[in-house]
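Everything below concerns the one structure shown next.
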Amino acid sequence: MGGARDVGWVAAGLVLGVGACYCIYRLTRGRRRGGRRPRRRPSPSAEDLTDGSYDDVLNAEQLQNLLYLLESTENPAIIERALVTLGNNAAFSANQAIIRELGGIPIVGNMIDSPNHSIKEKALNALNNLSVNVENQDIIKIYISQVCEDVLSDPLNSAVQMAGLRLLTNMTVTSDHQHMFNSYMTDFFHVLLTGNGNTKVQVLKLLLNLSENSAMAEGLFSAQVDSSFLSLYDGHVAKEILLRVLTLFQNLNNYVKKDGHLVNRSTSTFHKGSLFSLLYGQECAQKMRALLHHPDVDVKEKVVIIT
């Protein structure tokens with residue numbers, strides 16, 4: 001009996017021993033097959049972040065490195081790529097706050113002084129995305145006058161002019177900084193009348209934002225506007241433009257209906273050639289009557305509201 005028991009224990013020991021050896025063999029073989037352990041991907045440098053191959057949203061440390069790169073390099077190609085990367089990341093609300101807290105807005109803002117139009121455009125685009133954040137607007141507002149001046153002097157219909165107009169449109173979404181546009185009203189109407197279709201639409205977006213604030217009505221009405229403005233109320237004008245100029249008239253007309261003082265001041269404040277004199281003249285009245293027969297329902301509804 002004792003011998004049989006001893007033989008059983010020996011057999012069991014052999015099984016366990018073989019199992020242990022097999023485990024060791026598998027571990028050893030696995031290491032040989034797998035080779036070295038995979039290394040962690042090294043953190044990309046600031047320049048690596050701008051080469052177009054890095055698709056991840058940047059974290060605070062990477063954004064800081066990118067801002068340092070913008071301050072330290074004089075290479076136009078690197079500056080341009082860095083601004084594009086920063087602008088793309090500024091489309092995310094969390095990064096809008098991070099860039100502000102890192103002091104990034106003045107760094108980008110300084111780039112709008114660049115004589116290189118491509119760098120200037122990219123800087124304006126980045127500021128445009130950053131301006132979606134209301135707190136950021138309190139910093140960006142210091143550039144409003146400069147951007148207005150630049151928009152008026154930049155080549156008509158150029159990419160840099162459009163970038164400036166988009167930024168100014170964002171800065172007029174709320175009424176906080178609209179008063180800073182009062183001295184540029186006449187000039188914006190000039191760009192509206194001389195620009196192409198895309199420029200017209202962008203300027204109208206800006207003017208519509210201003211027209212939604214009753215405090216800006218008098219400044220808009222007193223703007224000196226060429227009589228060719230009324231051609232925008234012709235029935236053949238593109239709908240995206242026609243509806244916007246009608247909405248501009250509608251917004252301003254609402255203030256006239258509510259505030260009789262505007263009409264009383266019209267002869268002394270709104271001189272001949274002003275927007276007020278154009279909108280309430282005989283030619284505009286004729287155009288409104290003609291638009292009552294426009295084939296588009298939206299256009300007709302606007303005209304009915306105005307008249």
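Letters A, B, ... mark the chains of the structure tokens in the order given; residue numbers begin at 1 per chain; ligand numbers begin at 1, in order shown.
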As number ranges by chain, please: every residue in stretch 109-285 of chain A that DSSP puts in alpha helix (DSSP H). A: 109-110, 117-130, 134-140, 144-153, 159-171, 185-194, 197-211, 217-221, 239-258, 260-264, 266-269, 275-279, 282-285
Residues near stretch 285-289 of chain A, cut-off 8 Å, only C-alpha atoms, skip fewer than 4 positions along chain, as a PyMOL selection string: chain A and resi 233-234+279-281+293+303+307
Would you mind telling me which residue in A:Ser211, A:Gln202, A:Thr174, A:Thr85 lies nearest to A:Val132 when using only C-alpha atoms?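 Ranking A:Ser211, A:Gln202, A:Thr174, A:Thr85 by distance to A:Val132, first place goes to A:Thr174.
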If we count only C-alpha atoms, what is near stretch 148-161 of chain A at a cut-off of 10 Å, once residues fewer than 6 positions away on the same chain are taken out, given as a ChimeraX atom specification? /A:112-113,117-125,167-168,180-181,183-184,187-188,190-191,194-200
May I have the selected residues written with N, CA and C atoms, as a PDB file, in the first residue's frame?
```pdb
ATOM      1  N   ILE A 112      -1.123  90.042 -36.892  1.00  0.00           N
ATOM      2  CA  ILE A 112      -1.932  90.725 -37.897  1.00  0.00           C
ATOM      3  C   ILE A 112      -1.211  91.957 -38.435  1.00  0.00           C
ATOM      4  N   ASP A 113      -0.082  92.313 -37.821  1.00  0.00           N
ATOM      5  CA  ASP A 113       0.749  93.408 -38.330  1.00  0.00           C
ATOM      6  C   ASP A 113       1.690  92.942 -39.434  1.00  0.00           C
ATOM      7  N   HIS A 117       0.752  88.706 -46.350  1.00  0.00           N
ATOM      8  CA  HIS A 117      -0.712  88.592 -46.343  1.00  0.00           C
ATOM      9  C   HIS A 117      -1.190  87.211 -45.917  1.00  0.00           C
ATOM     10  N   SER A 118      -0.411  86.183 -46.231  1.00  0.00           N
ATOM     11  CA  SER A 118      -0.820  84.833 -45.853  1.00  0.00           C
ATOM     12  C   SER A 118      -0.749  84.648 -44.342  1.00  0.00           C
ATOM     13  N   ILE A 119       0.309  85.164 -43.724  1.00  0.00           N
ATOM     14  CA  ILE A 119       0.432  85.095 -42.260  1.00  0.00           C
ATOM     15  C   ILE A 119      -0.677  85.919 -41.609  1.00  0.00           C
ATOM     16  N   LYS A 120      -0.923  87.087 -42.145  1.00  0.00           N
ATOM     17  CA  LYS A 120      -1.968  87.961 -41.607  1.00  0.00           C
ATOM     18  C   LYS A 120      -3.333  87.278 -41.669  1.00  0.00           C
ATOM     19  N   GLU A 121      -3.627  86.645 -42.793  1.00  0.00           N
ATOM     20  CA  GLU A 121      -4.901  85.939 -42.943  1.00  0.00           C
ATOM     21  C   GLU A 121      -5.046  84.832 -41.912  1.00  0.00           C
ATOM     22  N   LYS A 122      -3.971  84.033 -41.732  1.00  0.00           N
ATOM     23  CA  LYS A 122      -4.028  82.918 -40.776  1.00  0.00           C
ATOM     24  C   LYS A 122      -4.181  83.428 -39.348  1.00  0.00           C
ATOM     25  N   ALA A 123      -3.555  84.558 -39.037  1.00  0.00           N
ATOM     26  CA  ALA A 123      -3.698  85.142 -37.697  1.00  0.00           C
ATOM     27  C   ALA A 123      -5.132  85.613 -37.465  1.00  0.00           C
ATOM     28  N   LEU A 124      -5.736  86.228 -38.481  1.00  0.00           N
ATOM     29  CA  LEU A 124      -7.127  86.675 -38.369  1.00  0.00           C
ATOM     30  C   LEU A 124      -8.072  85.491 -38.219  1.00  0.00           C
ATOM     31  N   ASN A 125      -7.792  84.415 -38.942  1.00  0.00           N
ATOM     32  CA  ASN A 125      -8.623  83.212 -38.818  1.00  0.00           C
ATOM     33  C   ASN A 125      -8.540  82.633 -37.402  1.00  0.00           C
ATOM     34  N   LEU A 167     -13.946  88.024 -38.630  1.00  0.00           N
ATOM     35  CA  LEU A 167     -13.614  88.343 -37.236  1.00  0.00           C
ATOM     36  C   LEU A 167     -14.506  89.475 -36.729  1.00  0.00           C
ATOM     37  N   LEU A 168     -14.654  90.530 -37.513  1.00  0.00           N
ATOM     38  CA  LEU A 168     -15.482  91.660 -37.085  1.00  0.00           C
ATOM     39  C   LEU A 168     -16.935  91.241 -36.912  1.00  0.00           C
ATOM     40  N   MET A 180     -17.777 100.549 -31.114  1.00  0.00           N
ATOM     41  CA  MET A 180     -16.469 100.795 -31.717  1.00  0.00           C
ATOM     42  C   MET A 180     -16.535 100.834 -33.243  1.00  0.00           C
ATOM     43  N   PHE A 181     -17.695 100.518 -33.806  1.00  0.00           N
ATOM     44  CA  PHE A 181     -17.852 100.483 -35.264  1.00  0.00           C
ATOM     45  C   PHE A 181     -18.515 101.736 -35.823  1.00  0.00           C
ATOM     46  N   SER A 183     -17.717 104.806 -36.358  1.00  0.00           N
ATOM     47  CA  SER A 183     -17.008 105.675 -37.304  1.00  0.00           C
ATOM     48  C   SER A 183     -16.692 104.991 -38.633  1.00  0.00           C
ATOM     49  N   TYR A 184     -17.065 103.727 -38.759  1.00  0.00           N
ATOM     50  CA  TYR A 184     -16.736 102.983 -39.983  1.00  0.00           C
ATOM     51  C   TYR A 184     -17.971 102.639 -40.824  1.00  0.00           C
ATOM     52  N   ASP A 187     -17.896 103.516 -44.579  1.00  0.00           N
ATOM     53  CA  ASP A 187     -16.879 102.725 -45.279  1.00  0.00           C
ATOM     54  C   ASP A 187     -17.338 101.289 -45.512  1.00  0.00           C
ATOM     55  N   PHE A 188     -18.042 100.711 -44.548  1.00  0.00           N
ATOM     56  CA  PHE A 188     -18.528  99.346 -44.728  1.00  0.00           C
ATOM     57  C   PHE A 188     -19.571  99.275 -45.847  1.00  0.00           C
ATOM     58  N   HIS A 190     -19.518 101.122 -48.424  1.00  0.00           N
ATOM     59  CA  HIS A 190     -18.732 101.218 -49.661  1.00  0.00           C
ATOM     60  C   HIS A 190     -18.203  99.840 -50.064  1.00  0.00           C
ATOM     61  N   VAL A 191     -17.686  99.079 -49.081  1.00  0.00           N
ATOM     62  CA  VAL A 191     -17.196  97.726 -49.367  1.00  0.00           C
ATOM     63  C   VAL A 191     -18.352  96.843 -49.824  1.00  0.00           C
ATOM     64  N   THR A 194     -19.057  97.647 -53.521  1.00  0.00           N
ATOM     65  CA  THR A 194     -17.987  97.392 -54.498  1.00  0.00           C
ATOM     66  C   THR A 194     -17.504  95.944 -54.495  1.00  0.00           C
ATOM     67  N   GLY A 195     -17.818  95.205 -53.444  1.00  0.00           N
ATOM     68  CA  GLY A 195     -17.322  93.836 -53.340  1.00  0.00           C
ATOM     69  C   GLY A 195     -18.116  92.852 -54.175  1.00  0.00           C
ATOM     70  N   ASN A 196     -17.572  91.645 -54.311  1.00  0.00           N
ATOM     71  CA  ASN A 196     -18.284  90.589 -55.047  1.00  0.00           C
ATOM     72  C   ASN A 196     -19.366  89.971 -54.155  1.00  0.00           C
ATOM     73  N   GLY A 197     -19.998  88.924 -54.643  1.00  0.00           N
ATOM     74  CA  GLY A 197     -21.110  88.325 -53.905  1.00  0.00           C
ATOM     75  C   GLY A 197     -20.731  87.857 -52.513  1.00  0.00           C
ATOM     76  N   ASN A 198     -19.599  87.171 -52.383  1.00  0.00           N
ATOM     77  CA  ASN A 198     -19.170  86.676 -51.074  1.00  0.00           C
ATOM     78  C   ASN A 198     -18.883  87.821 -50.111  1.00  0.00           C
ATOM     79  N   THR A 199     -18.239  88.864 -50.628  1.00  0.00           N
ATOM     80  CA  THR A 199     -17.940  90.022 -49.784  1.00  0.00           C
ATOM     81  C   THR A 199     -19.228  90.714 -49.358  1.00  0.00           C
ATOM     82  N   LYS A 200     -20.162  90.853 -50.282  1.00  0.00           N
ATOM     83  CA  LYS A 200     -21.454  91.475 -49.951  1.00  0.00           C
ATOM     84  C   LYS A 200     -22.141  90.723 -48.807  1.00  0.00           C
TER      85      LYS A 200
END
```
Selection: 10 Å around A:Ile241, only C-alpha atoms, excl. self and same-chain fewer than 2 positions, as a PyMOL selection string: chain A and resi 197-198+200-202+204-205+232-233+237-239+243-247
Any idea what's packed within 10 Å of A:Leu127, counting only C-alpha atoms, ignoring anything in its chain fewer than 2 positions away? Could you give it as a list in words? Leu83, Leu86, Gly87, Ala90, Gln96, Ile105, Pro106, Val108, Gly109, Ile112, Glu121, Lys122, Ala123, Leu124, Asn125, Asn129, Leu130, Ser131, Val132, Asn136, Gln137, Ile140, Tyr143, Ala163, Gly164, Arg166, Leu167 and Asn170 of chain A
Please, could you write that set of residues out with C-alpha atoms as a PDB file, in the first residue's frame?
```pdb
ATOM      1  CA  LEU A  83      -1.075  79.719 -36.906  1.00  0.00           C
ATOM      2  CA  LEU A  86      -3.428  77.027 -33.433  1.00  0.00           C
ATOM      3  CA  GLY A  87      -6.511  78.240 -35.290  1.00  0.00           C
ATOM      4  CA  ALA A  90      -9.033  77.200 -31.174  1.00  0.00           C
ATOM      5  CA  GLN A  96     -10.167  78.785 -26.437  1.00  0.00           C
ATOM      6  CA  ILE A 105      -4.183  85.978 -27.775  1.00  0.00           C
ATOM      7  CA  PRO A 106      -1.654  88.871 -27.876  1.00  0.00           C
ATOM      8  CA  VAL A 108      -1.572  85.805 -32.314  1.00  0.00           C
ATOM      9  CA  GLY A 109      -2.792  89.404 -32.368  1.00  0.00           C
ATOM     10  CA  ILE A 112      -1.932  90.725 -37.897  1.00  0.00           C
ATOM     11  CA  GLU A 121      -4.901  85.939 -42.943  1.00  0.00           C
ATOM     12  CA  LYS A 122      -4.028  82.918 -40.776  1.00  0.00           C
ATOM     13  CA  ALA A 123      -3.698  85.142 -37.697  1.00  0.00           C
ATOM     14  CA  LEU A 124      -7.127  86.675 -38.369  1.00  0.00           C
ATOM     15  CA  ASN A 125      -8.623  83.212 -38.818  1.00  0.00           C
ATOM     16  CA  ASN A 129     -12.083  81.119 -33.751  1.00  0.00           C
ATOM     17  CA  LEU A 130     -10.836  82.482 -30.433  1.00  0.00           C
ATOM     18  CA  SER A 131     -13.447  85.265 -30.522  1.00  0.00           C
ATOM     19  CA  VAL A 132     -16.276  82.744 -30.167  1.00  0.00           C
ATOM     20  CA  ASN A 136     -11.633  86.253 -25.239  1.00  0.00           C
ATOM     21  CA  GLN A 137     -13.522  89.104 -26.903  1.00  0.00           C
ATOM     22  CA  ILE A 140      -9.497  90.829 -28.862  1.00  0.00           C
ATOM     23  CA  TYR A 143      -7.647  94.943 -32.366  1.00  0.00           C
ATOM     24  CA  ALA A 163     -10.813  86.908 -42.787  1.00  0.00           C
ATOM     25  CA  GLY A 164     -10.992  90.367 -41.228  1.00  0.00           C
ATOM     26  CA  ARG A 166     -15.423  87.297 -40.413  1.00  0.00           C
ATOM     27  CA  LEU A 167     -13.614  88.343 -37.236  1.00  0.00           C
ATOM     28  CA  ASN A 170     -18.051  87.600 -34.635  1.00  0.00           C
TER      29      ASN A 170
END
```
What does the structure give for the distance between atom CA of A:Ser227 and atom CA of A:Gln178, in Å to one decimal?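 Distance between the two atoms: 25.4 Å.
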Kindly give the distance, in Å, that separates atom CA of A:Ala94 and atom CA of A:Gln146, rounded to a single decimal.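 Answer for the atom CA of A:Ala94 to atom CA of A:Gln146 separation: 27.5 Å.
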In Å, with one decimal, what is the gap from atom CA of A:Ala77 to atom CA of A:Ile107?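 Value for the atom CA of A:Ala77-atom CA of A:Ile107 distance: 16.8 Å.
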